[in-house]
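Enquirer: Input structure: entry01.cif, which contains mmCIF, C-alpha atoms and all ligand atoms.
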```cif
data_start
loop_
_atom_site.group_PDB
_atom_site.id
_atom_site.type_symbol
_atom_site.label_atom_id
_atom_site.label_comp_id
_atom_site.auth_asym_id
_atom_site.auth_seq_id
_atom_site.Cartn_x
_atom_site.Cartn_y
_atom_site.Cartn_z
ATOM 1 C CA MET A 1 -20.256 -7.529 36.133
ATOM 2 C CA ALA A 2 -23.821 -8.229 34.949
ATOM 3 C CA LEU A 3 -24.101 -10.652 32.060
ATOM 4 C CA GLN A 4 -25.690 -9.297 28.886
ATOM 5 C CA ASP A 5 -27.286 -11.339 26.144
ATOM 6 C CA GLU A 6 -25.935 -11.016 22.630
ATOM 7 C CA SER A 7 -28.877 -8.905 21.353
ATOM 8 C CA SER A 8 -28.491 -6.210 24.034
ATOM 9 C CA MET A 9 -24.722 -6.105 23.476
ATOM 10 C CA SER A 10 -25.194 -5.560 19.761
ATOM 11 C CA LYS A 11 -27.438 -2.540 20.529
ATOM 12 C CA LYS A 12 -24.836 -0.997 22.843
ATOM 13 C CA LYS A 13 -23.472 2.270 21.489
ATOM 14 C CA LEU A 14 -19.770 2.064 20.764
ATOM 15 C CA PRO A 15 -17.538 4.879 22.051
ATOM 16 C CA PRO A 16 -16.423 7.365 19.378
ATOM 17 C CA VAL A 17 -13.180 6.436 17.714
ATOM 18 C CA ARG A 18 -10.337 8.744 18.676
ATOM 19 C CA PRO A 19 -8.262 9.265 15.548
ATOM 20 C CA GLN A 20 -4.502 9.595 15.448
ATOM 21 C CA ARG A 21 -3.437 13.140 14.647
ATOM 22 C CA ASP A 22 -2.097 12.103 11.241
ATOM 23 C CA GLN A 23 -5.478 10.590 10.341
ATOM 24 C CA LEU A 24 -7.337 13.905 10.452
ATOM 25 C CA SER A 25 -8.693 15.362 7.275
ATOM 26 C CA PRO A 26 -7.889 19.047 6.549
ATOM 27 C CA ASP A 27 -11.316 20.174 7.799
ATOM 28 C CA GLN A 28 -10.987 18.379 11.151
ATOM 29 C CA VAL A 29 -9.558 19.920 14.332
ATOM 30 C CA LEU A 30 -7.606 17.793 16.773
ATOM 31 C CA CYS A 31 -9.150 19.483 19.834
ATOM 32 C CA ASP A 32 -12.605 18.253 18.773
ATOM 33 C CA PHE A 33 -11.446 14.722 19.598
ATOM 34 C CA CYS A 34 -9.777 15.586 22.894
ATOM 35 C CA THR A 35 -11.038 15.988 26.445
ATOM 36 C CA ALA A 36 -9.029 19.228 26.734
ATOM 37 C CA LYS A 37 -6.095 17.548 28.403
ATOM 38 C CA CYS A 38 -4.070 20.771 28.298
ATOM 39 C CA CYS A 39 -6.685 22.679 30.355
ATOM 40 C CA ARG A 40 -6.684 20.253 33.278
ATOM 41 C CA TYR A 41 -3.312 20.880 34.911
ATOM 42 C CA PHE A 42 -0.379 23.227 35.062
ATOM 43 C CA ALA A 43 3.284 22.306 35.446
ATOM 44 C CA LEU A 44 6.285 24.408 36.380
ATOM 45 C CA PRO A 45 9.974 23.496 36.414
ATOM 46 C CA ILE A 46 11.438 23.489 39.922
ATOM 47 C CA GLU A 47 14.990 23.485 41.237
ATOM 48 C CA THR A 48 16.681 20.122 41.317
ATOM 49 C CA PRO A 49 16.488 18.908 44.929
ATOM 50 C CA LYS A 50 19.979 18.387 46.348
ATOM 51 C CA THR A 51 19.567 18.400 50.099
ATOM 52 C CA VAL A 52 17.317 16.795 52.676
ATOM 53 C CA SER A 53 15.533 20.127 53.155
ATOM 54 C CA ASP A 54 14.942 20.404 49.370
ATOM 55 C CA PHE A 55 13.179 17.050 49.522
ATOM 56 C CA GLU A 56 11.212 18.283 52.521
ATOM 57 C CA PHE A 57 9.865 21.055 50.273
ATOM 58 C CA ILE A 58 8.790 18.505 47.693
ATOM 59 C CA ARG A 59 7.160 16.461 50.427
ATOM 60 C CA TRP A 60 5.225 19.572 51.379
ATOM 61 C CA TYR A 61 4.057 20.076 47.772
ATOM 62 C CA LEU A 62 2.834 16.503 47.696
ATOM 63 C CA LEU A 63 0.749 16.947 50.824
ATOM 64 C CA HIS A 64 -1.576 19.127 48.728
ATOM 65 C CA GLU A 65 -4.516 17.736 46.814
ATOM 66 C CA GLY A 66 -3.762 17.421 43.103
ATOM 67 C CA ALA A 67 -0.040 18.178 43.445
ATOM 68 C CA THR A 68 2.418 15.766 41.881
ATOM 69 C CA VAL A 69 6.088 16.018 40.975
ATOM 70 C CA PHE A 70 7.835 14.478 38.021
ATOM 71 C CA LEU A 71 11.327 14.207 36.654
ATOM 72 C CA GLU A 72 11.934 14.204 32.920
ATOM 73 C CA GLU A 73 15.329 14.398 31.213
ATOM 74 C CA ASP A 74 16.954 15.580 34.465
ATOM 75 C CA VAL A 75 14.489 18.452 34.990
ATOM 76 C CA TRP A 76 12.144 18.400 37.977
ATOM 77 C CA TYR A 77 8.596 19.733 37.629
ATOM 78 C CA LEU A 78 5.731 20.488 39.952
ATOM 79 C CA LEU A 79 2.535 19.331 38.252
ATOM 80 C CA VAL A 80 -0.801 20.391 39.709
ATOM 81 C CA HIS A 81 -3.893 18.586 38.492
ATOM 82 C CA ALA A 82 -6.431 21.419 38.533
ATOM 83 C CA VAL A 83 -9.079 21.996 35.896
ATOM 84 C CA CYS A 84 -9.228 25.555 34.551
ATOM 85 C CA LYS A 85 -12.267 27.361 35.936
ATOM 86 C CA HIS A 86 -13.229 28.361 32.418
ATOM 87 C CA LEU A 87 -13.275 24.934 30.822
ATOM 88 C CA GLY A 88 -16.838 24.155 29.820
ATOM 89 C CA GLU A 89 -18.614 20.819 30.091
ATOM 90 C CA ASP A 90 -18.231 20.546 26.325
ATOM 91 C CA ASN A 91 -14.435 20.705 26.813
ATOM 92 C CA ARG A 92 -14.303 24.119 25.173
ATOM 93 C CA CYS A 93 -12.809 27.328 26.507
ATOM 94 C CA GLY A 94 -15.396 29.595 28.108
ATOM 95 C CA ILE A 95 -13.251 32.724 27.710
ATOM 96 C CA TYR A 96 -11.807 32.022 24.282
ATOM 97 C CA ASP A 97 -11.585 35.685 23.239
ATOM 98 C CA THR A 98 -9.799 36.750 26.418
ATOM 99 C CA ARG A 99 -7.886 33.545 27.206
ATOM 100 C CA PRO A 100 -4.374 34.070 28.614
ATOM 101 C CA GLN A 101 -1.414 34.439 26.290
ATOM 102 C CA ILE A 102 -0.026 31.042 27.299
ATOM 103 C CA CYS A 103 -3.219 29.434 25.972
ATOM 104 C CA ARG A 104 -2.964 31.445 22.749
ATOM 105 C CA ASP A 105 0.646 30.399 22.233
ATOM 106 C CA TYR A 106 -0.116 26.725 22.815
ATOM 107 C CA THR A 107 -0.838 24.838 19.611
ATOM 108 C CA THR A 108 -1.751 21.302 18.687
ATOM 109 C CA ASP A 109 1.608 20.915 16.926
ATOM 110 C CA GLU A 110 3.332 19.507 20.000
ATOM 111 C CA CYS A 111 0.476 19.117 22.448
ATOM 112 C CA GLU A 112 -0.244 16.157 24.695
ATOM 113 C CA TYR A 113 -3.157 14.790 22.665
ATOM 114 C CA GLU A 114 -1.645 11.293 22.650
ATOM 115 C CA GLU A 115 0.426 11.740 25.826
ATOM 116 C CA ASN A 116 0.271 8.739 28.143
ATOM 117 C CA TRP A 117 1.671 10.623 31.151
ATOM 118 C CA THR A 118 4.720 8.498 31.755
ATOM 119 C CA TYR A 119 7.847 10.163 33.087
ATOM 120 C CA ASP A 120 11.354 9.172 34.154
ATOM 121 C CA GLN A 121 10.131 9.520 37.765
ATOM 122 C CA TYR A 122 6.650 10.390 38.997
ATOM 123 C CA PHE A 123 5.709 11.118 42.628
ATOM 124 C CA GLU A 124 2.109 11.336 43.759
ATOM 125 C CA THR A 125 2.457 10.967 47.520
ATOM 126 C CA ALA A 126 4.659 12.317 50.298
ATOM 127 C CA GLU A 127 5.614 8.734 51.164
ATOM 128 C CA GLN A 128 6.998 8.146 47.668
ATOM 129 C CA ILE A 129 9.328 11.152 47.800
ATOM 130 C CA ASP A 130 10.358 10.163 51.340
ATOM 131 C CA GLU A 131 11.404 6.743 50.131
ATOM 132 C CA PHE A 132 13.264 8.265 47.182
ATOM 133 C CA ALA A 133 15.146 10.703 49.444
ATOM 134 C CA GLU A 134 15.899 7.967 51.952
ATOM 135 C CA ALA A 135 17.469 5.858 49.235
ATOM 136 C CA ILE A 136 19.692 8.797 48.226
ATOM 137 C CA PHE A 137 20.723 9.984 51.674
ATOM 138 C CA GLN A 138 20.877 6.662 53.446
ATOM 139 C CA PRO A 139 24.232 6.400 55.278
ATOM 140 C CA ARG A 140 26.459 3.614 54.006
ATOM 141 C CA SER A 141 26.290 1.851 57.385
ATOM 142 C CA ASP A 142 22.525 1.461 56.950
ATOM 143 C CA SER A 143 22.930 -0.498 53.750
ATOM 144 C CA ILE A 144 20.428 -3.300 53.373
ATOM 145 C CA ARG A 145 23.170 -5.512 51.939
ATOM 146 C CA SER A 146 24.898 -7.999 54.248
ATOM 147 C CA ARG A 147 28.405 -7.085 55.272
ATOM 148 C CA LYS A 148 31.146 -8.515 53.120
ATOM 149 C CA PRO A 149 32.319 -11.832 54.642
ATOM 150 C CA PRO A 150 36.023 -12.181 55.647
ATOM 151 C CA LEU A 151 38.254 -13.814 53.050
ATOM 152 C CA LEU A 152 38.970 -17.491 53.519
ATOM 153 C CA PRO A 153 42.567 -18.388 54.454
ATOM 154 C CA VAL A 154 44.721 -19.540 51.556
ATOM 155 C CA VAL A 155 45.465 -23.243 51.858
ATOM 156 C CA ALA A 156 49.035 -24.033 50.925
HETATM 157 S S1 LIG A 201 -4.303 21.466 22.227
HETATM 158 FE FE1 LIG A 201 -4.014 19.269 22.260
HETATM 159 S S2 LIG A 201 -4.249 18.653 24.407
HETATM 160 FE FE2 LIG A 201 -5.146 20.708 24.165
HETATM 161 S S3 LIG A 201 -7.325 20.346 23.722
HETATM 162 FE FE3 LIG A 201 -6.282 20.501 21.754
HETATM 163 S S4 LIG A 201 -5.773 18.402 21.238
HETATM 164 FE FE4 LIG A 201 -6.227 18.426 23.411
HETATM 165 S S1 LIG A 202 -8.403 29.789 29.655
HETATM 166 FE FE1 LIG A 202 -9.430 28.490 28.162
HETATM 167 S S2 LIG A 202 -7.774 27.635 26.911
HETATM 168 FE FE2 LIG A 202 -6.850 28.483 28.754
HETATM 169 S S3 LIG A 202 -6.706 26.754 30.197
HETATM 170 FE FE3 LIG A 202 -8.647 27.808 30.595
HETATM 171 S S4 LIG A 202 -10.168 26.730 29.349
HETATM 172 FE FE4 LIG A 202 -8.135 26.182 28.577
#
```
Let's see the structure in the file written out as C-alpha cells.

Expert:
Amino acid sequence: MALQDESSMSKKKLPPVRPQRDQLSPDQVLCDFCTAKCCRYFALPIETPKTVSDFEFIRWYLLHEGATVFLEEDVWYLLVHAVCKHLGEDNRCGIYDTRPQICRDYTTDECEYEENWTYDQYFETAEQIDEFAEAIFQPRSDSIRSRKPPLLPVVA
C-alpha cells in the first residue's frame, strides 16, 4: 500500500455513514442507504437432500456460475447470485411501475439491509458439497479414527 502524508489523508473523502434502521428520521427511506441487496439474488427452498443422488443434484447446481446452496433452520435453499436486469446503476428499480408482484410485496420491515449472509451451512463449490456428502455417507469401516485397541488382560 502506498504511504500517504497526513495532509493528503485529511483531504480524503470519508465514505457515507450507513445508518442503522432505527436511526432513520421519518423522512428518510432505508433503501436510499442500501446497495439494493434484495435485487442481486434470488433464493428458493429445495427438498432436503437424503440420498447420494440428491447430493449429486446439488453438486450440479453448484457447478453453475453464481449458484450457491445454504441451509438455515433445517431448510435447504438454492441461492443464485444474479443481479436483476432492471436494477439501475443508481441502485434503483428501472421498471418500478411494472415491477413483479414479489417486489411489490417485499418491504423494508424484514429485509436484509443489515444481513451479514451467514447461514447454518453455506456451500459455494461442488467440492464443498462433495465433502459434506462424503462425511454423511462414509461407511463405518472408512472411519478416520483408529480402531479400538483390545482390552488389557486383568491382572489378578
Ligand atoms: S428493501 Fe431492504 S435490502 Fe432491499 S433495497 Fe431496500 S433496504 Fe435494501
Ligand atoms: S424488478 Fe425492480 S425491484 Fe424487482 S428485483 Fe428488479 S430492480 Fe429490484

Enquirer: Near Cys84 in chain A, within 7 Å and counting all atoms listed in the file, which residues show up once chain neighbours fewer than 3 positions away are dropped, as a list in words?

Expert: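 The residues satisfying every condition are Cys39, Arg40 and Leu87 of chain A.
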
Enquirer: Padding 5 Å on each side, edges along x, y and z: where is the centre of the box around the listed atoms of ligand LIG 201 (chain A), and how long are its edges in Å to one decimal? Output it as JSON.

Expert:
```
{"center_x": -5.7, "center_y": 19.9, "center_z": 22.8, "size_x": 13.3, "size_y": 13.1, "size_z": 13.2}
```

Enquirer: Spell out the residues picked by the PyMOL selection byres (((chain A and resi 46) around 7) and not hetatm) here, as a list in words.

Expert: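 When the PyMOL selection byres (((chain A and resi 46) around 7) and not hetatm) is applied to the shown file, the picked residues are Leu44, Pro45, Glu47, Thr48, Trp76, Tyr77 and Leu78 of chain A.
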
Enquirer: Could you give me, as a PDB file with C-alpha atoms, in the coordinates of the input, the residues within 10 Å of range 92-104 of chain A, counting only C-alpha atoms and dropping anything in the same chain fewer than 5 positions from it?

Expert:
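Now in out.pdb:
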```pdb
ATOM      1  CA  CYS A  31      -9.150  19.483  19.834  1.00  0.00           C
ATOM      2  CA  ASP A  32     -12.605  18.253  18.773  1.00  0.00           C
ATOM      3  CA  CYS A  34      -9.777  15.586  22.894  1.00  0.00           C
ATOM      4  CA  THR A  35     -11.038  15.988  26.445  1.00  0.00           C
ATOM      5  CA  ALA A  36      -9.029  19.228  26.734  1.00  0.00           C
ATOM      6  CA  CYS A  38      -4.070  20.771  28.298  1.00  0.00           C
ATOM      7  CA  CYS A  39      -6.685  22.679  30.355  1.00  0.00           C
ATOM      8  CA  CYS A  84      -9.228  25.555  34.551  1.00  0.00           C
ATOM      9  CA  LYS A  85     -12.267  27.361  35.936  1.00  0.00           C
ATOM     10  CA  HIS A  86     -13.229  28.361  32.418  1.00  0.00           C
ATOM     11  CA  LEU A  87     -13.275  24.934  30.822  1.00  0.00           C
TER      12      LEU A  87
END
```

Enquirer: Would you compute the distance between CA of Glu115 in chain A and atom S2 of ligand LIG 201 (chain A)? Give it in Å to one decimal.

Expert: 8.5 Å

Enquirer: Quote the spacing between CA of Phe70 in chain A and CA of Phe123 in chain A in Å to one decimal place.

Expert: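 So the answer is 6.1 Å.
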
Enquirer: Give me the residues within 7 Å of range 63-67 of chain A as a VMD selection string, counting all atoms listed in the file and dropping any in the same chain fewer than 3 places off.

Expert: chain A and resid 59 to 60 79 to 82 126

Enquirer: Just C-alpha atoms for this one: save the residues we selected as a PDB file, in the coordinates of the input.

Expert:
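Just written: part.pdb:
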```
ATOM      1  CA  ARG A  59       7.160  16.461  50.427  1.00  0.00           C
ATOM      2  CA  TRP A  60       5.225  19.572  51.379  1.00  0.00           C
ATOM      3  CA  LEU A  79       2.535  19.331  38.252  1.00  0.00           C
ATOM      4  CA  VAL A  80      -0.801  20.391  39.709  1.00  0.00           C
ATOM      5  CA  HIS A  81      -3.893  18.586  38.492  1.00  0.00           C
ATOM      6  CA  ALA A  82      -6.431  21.419  38.533  1.00  0.00           C
ATOM      7  CA  ALA A 126       4.659  12.317  50.298  1.00  0.00           C
TER       8      ALA A 126
END
```

Enquirer: From the options A:Lys37, A:Ala43, A:Phe132, A:Glu127, which residue's atoms come nearest to ligand LIG 202 (chain A), counting all atoms listed in the file?

Expert: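 Answer, going by the shortest atom-to-atom distance: A:Lys37.
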
Enquirer: So that I can see what lies close to Arg21 in chain A, please list as a count of residues only the residues with an atom at most 12 Å from it, counting only C-alpha atoms and leaving out residues fewer than 2 positions away in the same chain.

Expert: 21

Enquirer: State, in Å with one decimal place, the distance from CA of Tyr61 in chain A to CA of Asp130 in chain A.

Expert: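 About the pair CA of Tyr61 in chain A and CA of Asp130 in chain A: they are 12.3 Å apart.
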
Enquirer: Which residues are near Tyr119 in chain A? Cut-off 10 Å, all atoms listed in the file, ignore same chain within fewer than 6 positions. Put them as a ChimeraX atom specification.

Expert: /A:69-73

Enquirer: With distances taken over only C-alpha atoms and all ligand atoms, which of A:Gln128, A:Gln20, A:Thr107, A:Thr68 is nearest to ligand LIG 202 (chain A)?

Expert: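 Result for the nearest residue to ligand LIG 202 (chain A): A:Thr107.
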
Enquirer: I need the residue nearest ligand LIG 201 (chain A) from this list: A:Thr118, A:Asn91, A:Asp54, A:Asp74. Use only C-alpha atoms and all ligand atoms for the distance.

Expert: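 When distances to ligand LIG 201 (chain A) are compared using only C-alpha atoms and all ligand atoms, the smallest one comes from A:Asn91.
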
Enquirer: Of the residues A:Glu56, A:Asp105, A:Asp120, A:Glu89, which is the one nearest to Ala133 in chain A, using all atoms listed in the file?

Expert: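 Ranking A:Glu56, A:Asp105, A:Asp120, A:Glu89 by distance to Ala133 in chain A, first place goes to A:Glu56.
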
Enquirer: Nearest to ligand LIG 202 (chain A) among A:Val154, A:Ile129, A:Val83, A:Ala135, with distances taken over only C-alpha atoms and all ligand atoms: which residue is it?

Expert: A:Val83

Enquirer: I need the residue nearest ligand LIG 201 (chain A) from this list: A:Pro150, A:Tyr106, A:Tyr41, A:Ile58. Use only C-alpha atoms and all ligand atoms for the distance.

Expert: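 For ligand LIG 201 (chain A), the nearest of the candidates is A:Tyr106.
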